$ cat query.pdb   # PDB, C-alpha atoms
ATOM      1  CA  MET K   1      61.640  -4.519-276.869  1.00  0.00           C
ATOM      2  CA  GLU K   2      62.079  -4.013-273.167  1.00  0.00           C
ATOM      3  CA  LEU K   3      65.553  -2.542-273.665  1.00  0.00           C
ATOM      4  CA  LEU K   4      64.191  -0.121-276.258  1.00  0.00           C
ATOM      5  CA  ALA K   5      61.440   0.974-273.865  1.00  0.00           C
ATOM      6  CA  GLU K   6      63.988   1.451-271.078  1.00  0.00           C
ATOM      7  CA  ILE K   7      66.141   3.612-273.332  1.00  0.00           C
ATOM      8  CA  LEU K   8      63.113   5.713-274.315  1.00  0.00           C
ATOM      9  CA  ILE K   9      62.013   6.124-270.688  1.00  0.00           C
ATOM     10  CA  THR K  10      65.521   7.084-269.585  1.00  0.00           C
ATOM     11  CA  ALA K  11      65.912   9.573-272.421  1.00  0.00           C
ATOM     12  CA  SER K  12      62.611  11.317-271.706  1.00  0.00           C
ATOM     13  CA  LEU K  13      63.360  11.416-267.966  1.00  0.00           C
ATOM     14  CA  VAL K  14      66.762  13.035-268.539  1.00  0.00           C
ATOM     15  CA  ILE K  15      65.380  15.510-271.086  1.00  0.00           C
ATOM     16  CA  SER K  16      62.510  16.484-268.781  1.00  0.00           C
ATOM     17  CA  GLY K  17      64.902  16.978-265.857  1.00  0.00           C
ATOM     18  CA  ILE K  18      67.141  19.241-267.910  1.00  0.00           C
ATOM     19  CA  PHE K  19      64.187  21.256-269.209  1.00  0.00           C
ATOM     20  CA  GLY K  20      62.648  21.684-265.772  1.00  0.00           C
ATOM     21  CA  PHE K  21      65.980  22.861-264.379  1.00  0.00           C
ATOM     22  CA  VAL K  22      66.596  25.271-267.253  1.00  0.00           C
ATOM     23  CA  GLY K  23      63.081  26.698-266.946  1.00  0.00           C
ATOM     24  CA  SER K  24      63.508  27.544-263.283  1.00  0.00           C
ATOM     25  CA  TYR K  25      67.056  28.786-263.821  1.00  0.00           C
ATOM     26  CA  GLY K  26      65.776  31.166-266.493  1.00  0.00           C
ATOM     27  CA  LEU K  27      63.322  32.531-263.936  1.00  0.00           C
ATOM     28  CA  LEU K  28      66.306  33.642-261.849  1.00  0.00           C
ATOM     29  CA  LYS K  29      68.679  34.604-264.641  1.00  0.00           C
ATOM     30  CA  LEU K  30      66.795  36.497-267.344  1.00  0.00           C
ATOM     31  CA  PRO K  31      66.953  40.305-267.167  1.00  0.00           C
ATOM     32  CA  ASP K  32      63.432  41.771-267.471  1.00  0.00           C
ATOM     33  CA  PRO K  33      59.889  40.667-266.517  1.00  0.00           C
ATOM     34  CA  MET K  34      58.610  39.663-269.950  1.00  0.00           C
ATOM     35  CA  THR K  35      61.617  37.457-270.775  1.00  0.00           C
ATOM     36  CA  ARG K  36      61.336  35.932-267.294  1.00  0.00           C
ATOM     37  CA  LEU K  37      57.766  35.040-268.203  1.00  0.00           C
ATOM     38  CA  HIS K  38      59.021  33.195-271.279  1.00  0.00           C
ATOM     39  CA  ALA K  39      61.381  30.784-269.512  1.00  0.00           C
ATOM     40  CA  PRO K  40      59.202  28.721-267.121  1.00  0.00           C
ATOM     41  CA  THR K  41      55.940  28.699-269.056  1.00  0.00           C
ATOM     42  CA  LYS K  42      57.498  26.899-272.001  1.00  0.00           C
ATOM     43  CA  ALA K  43      60.345  24.867-270.561  1.00  0.00           C
ATOM     44  CA  THR K  44      58.566  23.609-267.458  1.00  0.00           C
ATOM     45  CA  THR K  45      55.537  22.472-269.422  1.00  0.00           C
ATOM     46  CA  LEU K  46      57.865  20.486-271.671  1.00  0.00           C
ATOM     47  CA  GLY K  47      59.579  19.110-268.559  1.00  0.00           C
ATOM     48  CA  VAL K  48      56.317  17.883-267.059  1.00  0.00           C
ATOM     49  CA  GLY K  49      55.332  16.512-270.471  1.00  0.00           C
ATOM     50  CA  GLY K  50      58.557  14.467-270.522  1.00  0.00           C
ATOM     51  CA  VAL K  51      57.903  13.054-267.035  1.00  0.00           C
ATOM     52  CA  LEU K  52      54.337  12.094-267.959  1.00  0.00           C
ATOM     53  CA  ILE K  53      55.445  10.456-271.238  1.00  0.00           C
ATOM     54  CA  ALA K  54      58.046   8.508-269.256  1.00  0.00           C
ATOM     55  CA  SER K  55      55.494   7.311-266.700  1.00  0.00           C
ATOM     56  CA  MET K  56      53.006   6.393-269.442  1.00  0.00           C
ATOM     57  CA  LEU K  57      55.654   4.272-271.224  1.00  0.00           C
ATOM     58  CA  TYR K  58      56.736   2.780-267.898  1.00  0.00           C
ATOM     59  CA  PHE K  59      53.243   1.628-266.956  1.00  0.00           C
ATOM     60  CA  ILE K  60      52.561   0.331-270.485  1.00  0.00           C
ATOM     61  CA  VAL K  61      55.735  -1.785-270.622  1.00  0.00           C
ATOM     62  CA  LEU K  62      56.436  -2.750-267.000  1.00  0.00           C
ATOM     63  CA  GLY K  63      53.155  -2.097-265.202  1.00  0.00           C
ATOM     64  CA  ASP K  64      49.551  -3.017-265.751  1.00  0.00           C
ATOM     65  CA  GLY K  65      48.630  -1.529-269.098  1.00  0.00           C
ATOM     66  CA  LEU K  66      47.755   1.873-270.491  1.00  0.00           C
ATOM     67  CA  SER K  67      46.332   4.489-268.141  1.00  0.00           C
ATOM     68  CA  PHE K  68      44.816   7.748-269.308  1.00  0.00           C
ATOM     69  CA  HIS K  69      45.551   9.818-266.211  1.00  0.00           C
ATOM     70  CA  GLU K  70      48.875  11.036-267.578  1.00  0.00           C
ATOM     71  CA  LEU K  71      47.216  12.100-270.807  1.00  0.00           C
ATOM     72  CA  LEU K  72      44.565  13.959-268.799  1.00  0.00           C
ATOM     73  CA  ILE K  73      47.199  15.819-266.768  1.00  0.00           C
ATOM     74  CA  THR K  74      49.179  16.678-269.921  1.00  0.00           C
ATOM     75  CA  LEU K  75      46.034  17.937-271.648  1.00  0.00           C
ATOM     76  CA  PHE K  76      45.047  20.015-268.623  1.00  0.00           C
ATOM     77  CA  LEU K  77      48.514  21.575-268.333  1.00  0.00           C
ATOM     78  CA  PHE K  78      48.692  22.319-272.053  1.00  0.00           C
ATOM     79  CA  LEU K  79      45.286  23.993-271.870  1.00  0.00           C
ATOM     80  CA  THR K  80      45.965  26.075-268.775  1.00  0.00           C
ATOM     81  CA  ALA K  81      49.611  27.125-269.351  1.00  0.00           C
ATOM     82  CA  PRO K  82      48.795  29.742-272.055  1.00  0.00           C
ATOM     83  CA  ILE K  83      45.928  31.129-269.960  1.00  0.00           C
ATOM     84  CA  THR K  84      48.085  31.637-266.872  1.00  0.00           C
ATOM     85  CA  ALA K  85      50.885  33.085-269.035  1.00  0.00           C
ATOM     86  CA  ASN K  86      48.433  35.557-270.548  1.00  0.00           C
ATOM     87  CA  PHE K  87      47.103  36.576-267.139  1.00  0.00           C
ATOM     88  CA  ILE K  88      50.597  37.050-265.693  1.00  0.00           C
ATOM     89  CA  ALA K  89      51.666  39.065-268.762  1.00  0.00           C
ATOM     90  CA  LYS K  90      48.632  41.333-268.312  1.00  0.00           C
ATOM     91  CA  THR K  91      49.554  41.772-264.654  1.00  0.00           C
ATOM     92  CA  GLN K  92      53.130  42.709-265.582  1.00  0.00           C
ATOM     93  CA  LEU K  93      51.839  45.237-268.140  1.00  0.00           C
ATOM     94  CA  HIS K  94      49.405  46.660-265.617  1.00  0.00           C
ATOM     95  CA  ARG K  95      52.025  47.130-262.920  1.00  0.00           C
ATOM     96  CA  ASN K  96      55.157  48.035-264.891  1.00  0.00           C
ATOM     97  CA  VAL K  97      54.018  50.017-267.945  1.00  0.00           C
ATOM     98  CA  PRO K  98      52.441  53.462-267.434  1.00  0.00           C
ATOM     99  CA  MET K  99      48.915  53.856-268.810  1.00  0.00           C
ATOM    100  CA  ASP K 100      49.983  56.326-271.531  1.00  0.00           C
ATOM    101  CA  ASP K 101      52.686  54.003-272.909  1.00  0.00           C
ATOM    102  CA  LEU K 102      50.270  51.171-273.672  1.00  0.00           C
ATOM    103  CA  PRO K 103      49.211  50.806-277.326  1.00  0.00           C
ATOM    104  CA  LYS K 104      45.844  52.318-278.212  1.00  0.00           C
ATOM    105  CA  THR K 105      42.835  50.022-278.142  1.00  0.00           C
ATOM    106  CA  GLY K 106      41.207  51.790-281.104  1.00  0.00           C
ATOM    107  CA  THR K 107      37.718  51.750-279.561  1.00  0.00           C
ATOM    108  CA  GLY K 108      37.577  54.953-277.524  1.00  0.00           C
ATOM    109  CA  ARG K 109      37.595  52.887-274.354  1.00  0.00           C
ATOM    110  CA  PRO K 110      40.786  52.356-272.300  1.00  0.00           C
ATOM    111  CA  TRP K 111      42.346  48.973-271.550  1.00  0.00           C
ATOM    112  CA  ALA K 112      39.904  46.831-269.596  1.00  0.00           C
ATOM    113  CA  THR K 113      42.105  46.820-266.488  1.00  0.00           C
ATOM    114  CA  TYR K 114      42.058  50.654-266.338  1.00  0.00           C
ATOM    115  CA  GLU K 115      38.334  51.080-266.966  1.00  0.00           C
ATOM    116  CA  SER K 116      36.338  51.979-263.867  1.00  0.00           C
ATOM    117  CA  ASP K 117      33.241  49.975-263.017  1.00  0.00           C
ATOM    118  CA  GLU K 118      30.917  52.893-263.773  1.00  0.00           C
ATOM    119  CA  ALA K 119      32.529  53.620-267.164  1.00  0.00           C
ATOM    120  CA  ARG K 120      32.343  49.948-268.079  1.00  0.00           C
ATOM    121  CA  ALA K 121      28.655  49.706-267.139  1.00  0.00           C
ATOM    122  CA  GLU K 122      27.877  52.827-269.161  1.00  0.00           C
ATOM    123  CA  ALA K 123      29.804  51.612-272.215  1.00  0.00           C
ATOM    124  CA  GLU K 124      28.144  48.205-272.089  1.00  0.00           C
ATOM    125  CA  ALA K 125      24.710  49.825-271.815  1.00  0.00           C
ATOM    126  CA  ASN K 126      25.422  52.046-274.844  1.00  0.00           C
ATOM    127  CA  ARG K 127      26.779  49.181-276.928  1.00  0.00           C
ATOM    128  CA  ASN K 128      23.628  47.057-276.608  1.00  0.00           C
ATOM    129  CA  PRO K 129      20.667  49.450-276.604  1.00  0.00           C
TER     130      PRO K 129
ATOM    131  CA  MET J   1      69.203   2.481-265.988  1.00  0.00           C
ATOM    132  CA  ILE J   2      65.758   3.908-265.260  1.00  0.00           C
ATOM    133  CA  HIS J   3      66.707   4.217-261.591  1.00  0.00           C
ATOM    134  CA  TYR J   4      69.683   6.502-262.278  1.00  0.00           C
ATOM    135  CA  ALA J   5      67.626   8.626-264.687  1.00  0.00           C
ATOM    136  CA  LEU J   6      64.950   8.912-261.986  1.00  0.00           C
ATOM    137  CA  ILE J   7      67.498  10.107-259.439  1.00  0.00           C
ATOM    138  CA  PHE J   8      68.851  12.629-261.960  1.00  0.00           C
ATOM    139  CA  ALA J   9      65.351  13.961-262.657  1.00  0.00           C
ATOM    140  CA  PHE J  10      64.572  14.138-258.914  1.00  0.00           C
ATOM    141  CA  ALA J  11      67.729  16.202-258.379  1.00  0.00           C
ATOM    142  CA  CYS J  12      66.895  18.526-261.277  1.00  0.00           C
ATOM    143  CA  PHE J  13      63.346  19.215-260.143  1.00  0.00           C
ATOM    144  CA  GLY J  14      64.424  19.567-256.513  1.00  0.00           C
ATOM    145  CA  LEU J  15      66.976  22.210-257.482  1.00  0.00           C
ATOM    146  CA  ALA J  16      64.325  23.885-259.633  1.00  0.00           C
ATOM    147  CA  LEU J  17      61.971  24.016-256.625  1.00  0.00           C
ATOM    148  CA  LEU J  18      64.708  25.578-254.488  1.00  0.00           C
ATOM    149  CA  MET J  19      65.335  28.239-257.131  1.00  0.00           C
ATOM    150  CA  ASN J  20      61.607  28.981-257.301  1.00  0.00           C
ATOM    151  CA  LEU J  21      61.521  29.352-253.525  1.00  0.00           C
ATOM    152  CA  TYR J  22      64.425  31.827-253.698  1.00  0.00           C
ATOM    153  CA  ARG J  23      62.542  33.744-256.405  1.00  0.00           C
ATOM    154  CA  ILE J  24      59.413  33.892-254.229  1.00  0.00           C
ATOM    155  CA  ILE J  25      61.374  35.248-251.266  1.00  0.00           C
ATOM    156  CA  GLU J  26      63.453  37.730-253.255  1.00  0.00           C
ATOM    157  CA  ALA J  27      61.646  39.044-256.324  1.00  0.00           C
ATOM    158  CA  PRO J  28      61.758  42.392-258.147  1.00  0.00           C
ATOM    159  CA  GLY J  29      57.966  42.549-258.472  1.00  0.00           C
ATOM    160  CA  VAL J  30      54.708  40.895-257.514  1.00  0.00           C
ATOM    161  CA  GLY J  31      54.242  39.422-261.003  1.00  0.00           C
ATOM    162  CA  ASP J  32      57.490  37.477-260.614  1.00  0.00           C
ATOM    163  CA  ARG J  33      56.272  36.066-257.308  1.00  0.00           C
ATOM    164  CA  ILE J  34      53.051  34.803-258.911  1.00  0.00           C
ATOM    165  CA  LEU J  35      55.054  33.346-261.811  1.00  0.00           C
ATOM    166  CA  ALA J  36      57.413  31.590-259.388  1.00  0.00           C
ATOM    167  CA  LEU J  37      54.434  30.158-257.475  1.00  0.00           C
ATOM    168  CA  ASP J  38      52.919  28.838-260.713  1.00  0.00           C
ATOM    169  CA  THR J  39      56.242  27.271-261.723  1.00  0.00           C
ATOM    170  CA  MET J  40      56.513  25.731-258.275  1.00  0.00           C
ATOM    171  CA  VAL J  41      53.135  24.014-258.715  1.00  0.00           C
ATOM    172  CA  VAL J  42      54.197  22.657-262.125  1.00  0.00           C
ATOM    173  CA  ASN J  43      57.486  21.372-260.682  1.00  0.00           C
ATOM    174  CA  SER J  44      55.676  19.632-257.816  1.00  0.00           C
ATOM    175  CA  ILE J  45      53.410  17.920-260.372  1.00  0.00           C
ATOM    176  CA  ALA J  46      56.541  16.618-262.092  1.00  0.00           C
ATOM    177  CA  LEU J  47      57.947  15.447-258.731  1.00  0.00           C
ATOM    178  CA  LEU J  48      54.697  13.585-257.966  1.00  0.00           C
ATOM    179  CA  GLY J  49      54.858  11.865-261.373  1.00  0.00           C
ATOM    180  CA  LEU J  50      58.455  10.835-260.722  1.00  0.00           C
ATOM    181  CA  TYR J  51      57.521   9.495-257.286  1.00  0.00           C
ATOM    182  CA  GLY J  52      54.753   7.454-258.897  1.00  0.00           C
ATOM    183  CA  ILE J  53      57.301   5.870-261.252  1.00  0.00           C
ATOM    184  CA  LEU J  54      59.663   5.194-258.333  1.00  0.00           C
ATOM    185  CA  ARG J  55      56.950   3.459-256.281  1.00  0.00           C
ATOM    186  CA  GLY J  56      55.436   1.725-259.313  1.00  0.00           C
ATOM    187  CA  THR J  57      51.893   2.871-258.523  1.00  0.00           C
ATOM    188  CA  THR J  58      49.376   5.114-260.266  1.00  0.00           C
ATOM    189  CA  VAL J  59      47.791   6.436-257.048  1.00  0.00           C
ATOM    190  CA  TYR J  60      49.682   9.724-257.230  1.00  0.00           C
ATOM    191  CA  PHE J  61      48.176  10.832-260.532  1.00  0.00           C
ATOM    192  CA  GLU J  62      44.929  11.847-258.862  1.00  0.00           C
ATOM    193  CA  ALA J  63      46.968  13.964-256.459  1.00  0.00           C
ATOM    194  CA  SER J  64      48.861  15.646-259.283  1.00  0.00           C
ATOM    195  CA  MET J  65      45.613  16.277-261.174  1.00  0.00           C
ATOM    196  CA  LEU J  66      44.161  18.006-258.091  1.00  0.00           C
ATOM    197  CA  LEU J  67      47.392  19.978-257.659  1.00  0.00           C
ATOM    198  CA  ALA J  68      47.241  21.115-261.302  1.00  0.00           C
ATOM    199  CA  MET J  69      43.656  22.357-260.897  1.00  0.00           C
ATOM    200  CA  THR J  70      44.339  24.140-257.597  1.00  0.00           C
ATOM    201  CA  GLY J  71      47.459  25.764-259.010  1.00  0.00           C
ATOM    202  CA  PHE J  72      45.619  27.071-262.062  1.00  0.00           C
ATOM    203  CA  ILE J  73      42.739  28.473-260.019  1.00  0.00           C
ATOM    204  CA  SER J  74      45.056  30.122-257.485  1.00  0.00           C
ATOM    205  CA  THR J  75      47.204  31.744-260.177  1.00  0.00           C
ATOM    206  CA  VAL J  76      44.148  33.113-261.952  1.00  0.00           C
ATOM    207  CA  ALA J  77      42.732  34.378-258.655  1.00  0.00           C
ATOM    208  CA  TYR J  78      45.982  36.169-257.734  1.00  0.00           C
ATOM    209  CA  THR J  79      46.312  37.831-261.121  1.00  0.00           C
ATOM    210  CA  ARG J  80      42.639  38.823-261.225  1.00  0.00           C
ATOM    211  CA  PHE J  81      43.024  40.401-257.809  1.00  0.00           C
ATOM    212  CA  LEU J  82      46.034  42.414-258.973  1.00  0.00           C
ATOM    213  CA  LEU J  83      44.342  43.438-262.216  1.00  0.00           C
ATOM    214  CA  ARG J  84      40.885  44.453-260.998  1.00  0.00           C
ATOM    215  CA  GLY J  85      40.996  44.439-257.198  1.00  0.00           C
ATOM    216  CA  ASP J  86      38.254  41.828-257.295  1.00  0.00           C
ATOM    217  CA  ILE J  87      38.296  38.143-258.164  1.00  0.00           C
ATOM    218  CA  ILE J  88      34.739  37.476-259.357  1.00  0.00           C
ATOM    219  CA  GLU J  89      32.932  40.481-260.789  1.00  0.00           C
TER     220      GLU J  89
END
$ encode --input "query.pdb" --output "structure tokens"
Amino acid sequence: MELLAEILITASLVISGIFGFVGSYGLLKLPDPMTRLHAPTKATTLGVGGVLIASMLYFIVLGDGLSFHELLITLFLFLTAPITANFIAKTQLHRNVPMDDLPKTGTGRPWATYESDEARAEAEANRNP
Amino acid sequence: MIHYALIFAFACFGLALLMNLYRIIEAPGVGDRILALDTMVVNSIALLGLYGILRGTTVYFEASMLLAMTGFISTVAYTRFLLRGDIIE
């Protein structure tokens, strides 16, 4: 039982190390901004997930019972990683793609990041009379 | 066996942090710098978890939880500032 747990812990530690390394290497190596966004947001989250699984198993088998902190951190990271990825992708679009090359929104209003404060206030006022 | 795997993982995440630092210093755009900063926070969370296993204590999980929250808020604040010129509208 203990040997099996040690093998599982070792395997998840090695896998998480490899994934964390590959994620950060992709950040240096990949050619354009959107593919660079892909590498760390997926691989590094998996890397941290591996470390937290390893520490959870370690404290269940060799420490003092189950602790939920690792699960909390994993949950928090899995919730926030897509949000940060979305925000960074919007920033890349905003800075690298000219306004006319963006796809149409289909509402008569421009993309939210290009709408001025006055135009937004006016549109919101007209939408909810 | 766990000890060697721990050392391997420490080396991997340390190298990853160094590469992120290089990407922050020398980046083609501001978006890449923010992305590298976010990845750096995630890698430091992994390093804190590994250090907790090495020391055999669960004290460091609170620290990594705080680091995760601060990293998320700072990334969102940076990107909001670049997108709208204002963080809270």
$ resolve_selection --input "query.pdb" --expression "the PyMOL selection byres ((chain K and resi 78) around 12)" --output "list in words"
Thr41, Lys42, Thr44, Thr45, Leu46, Gly47, Val48, Gly49, Leu71, Leu72, Ile73, Thr74, Leu75, Phe76, Leu77, Leu79, Thr80, Ala81, Pro82, Ile83, Thr84 and Ala85 of chain K; Val42, Ala68 and Phe72 of chain J
$ residues_near_point --input "query.pdb" --point "(68.1, 29.6, -261.0)" --cutoff "10 Å" --atoms "all atoms listed in the file" --output "list in words"
Phe21, Val22, Gly23, Ser24, Tyr25, Gly26, Leu27, Leu28, Lys29 and Leu30 of chain K; Leu15, Ala16, Leu17, Leu18, Met19, Asn20, Leu21, Tyr22 and Arg23 of chain J
$ atom_distance --input "query.pdb" --atom1 "CA of Ala54 (chain K)" --atom2 "CA of Ile9 (chain K)"
4.8 Å
$ interface_residues --input "query.pdb" --of "chain J" --to "chain K" --cutoff "6 Å" --atoms "all atoms listed in the file" --output "list in words"
Ile2, Ala5, Ala9, Cys12, Ala16, Gly31, Ala46, Ile53, Met65 and Leu83 of chain J
$ atom_distance --input "query.pdb" --atom1 "CA of Thr58 (chain J)" --atom2 "CA of Thr70 (chain J)"
19.9 Å
$ closest_residue --input "query.pdb" --among "J:Gly49, J:Met1, J:Arg33, J:Asp38" --to "Thr75 (chain J)" --atoms "all atoms listed in the file"
J:Asp38
$ atom_distance --input "query.pdb" --atom1 "CA of Ile88 (chain J)" --atom2 "CA of Met69 (chain J)"
17.6 Å
$ resolve_selection --input "query.pdb" --expression "the PyMOL selection byres ((chain J and resi 44) around 9)" --output "list in words"
Phe13, Gly14, Leu17, Thr39, Met40, Val41, Val42, Asn43, Ile45, Ala46, Leu47, Leu48, Gly49, Ser64 and Leu67 of chain J
$ closest_residue --input "query.pdb" --among "J:Gly71, J:Ala77, J:Leu50, J:Ala63" --to "Phe8 (chain J)" --atoms "all atoms listed in the file"
J:Leu50
$ build_atoms --input "query.pdb" --residues "region 71-83 of chain J" --atoms "N, CA, C and O atoms" --output "compact mmCIF listing (two decimals), keeping the file's coordinate frame"
# COMPACT_ATOMS: atom_id res chain seq x y z
N GLY J 71 46.45 24.79 -258.61
CA GLY J 71 47.46 25.76 -259.01
C GLY J 71 46.93 26.73 -260.05
O GLY J 71 47.15 27.94 -259.96
N PHE J 72 46.19 26.20 -261.02
CA PHE J 72 45.62 27.07 -262.06
C PHE J 72 44.65 28.08 -261.46
O PHE J 72 44.74 29.29 -261.72
N ILE J 73 43.74 27.58 -260.60
CA ILE J 73 42.74 28.47 -260.02
C ILE J 73 43.42 29.54 -259.16
O ILE J 73 43.05 30.72 -259.20
N SER J 74 44.43 29.14 -258.38
CA SER J 74 45.06 30.12 -257.48
C SER J 74 45.81 31.17 -258.29
O SER J 74 45.78 32.36 -257.94
N THR J 75 46.49 30.75 -259.37
CA THR J 75 47.20 31.74 -260.18
C THR J 75 46.23 32.74 -260.80
O THR J 75 46.47 33.96 -260.77
N VAL J 76 45.13 32.21 -261.34
CA VAL J 76 44.15 33.11 -261.95
C VAL J 76 43.55 34.05 -260.91
O VAL J 76 43.35 35.24 -261.17
N ALA J 77 43.31 33.53 -259.69
CA ALA J 77 42.73 34.38 -258.65
C ALA J 77 43.70 35.49 -258.26
O ALA J 77 43.30 36.65 -258.13
N TYR J 78 44.98 35.14 -258.08
CA TYR J 78 45.98 36.17 -257.73
C TYR J 78 46.06 37.25 -258.81
O TYR J 78 46.03 38.45 -258.51
N THR J 79 46.15 36.83 -260.07
CA THR J 79 46.31 37.83 -261.12
C THR J 79 45.05 38.66 -261.29
O THR J 79 45.14 39.87 -261.52
N ARG J 80 43.88 38.05 -261.16
CA ARG J 80 42.64 38.82 -261.23
C ARG J 80 42.59 39.86 -260.11
O ARG J 80 42.16 41.00 -260.33
N PHE J 81 43.05 39.45 -258.93
CA PHE J 81 43.02 40.40 -257.81
C PHE J 81 43.94 41.58 -258.08
O PHE J 81 43.60 42.73 -257.81
N LEU J 82 45.12 41.31 -258.67
CA LEU J 82 46.03 42.41 -258.97
C LEU J 82 45.50 43.28 -260.10
O LEU J 82 45.72 44.49 -260.13
N LEU J 83 44.79 42.67 -261.06
CA LEU J 83 44.34 43.44 -262.22
C LEU J 83 43.12 44.30 -261.89
O LEU J 83 43.04 45.44 -262.33
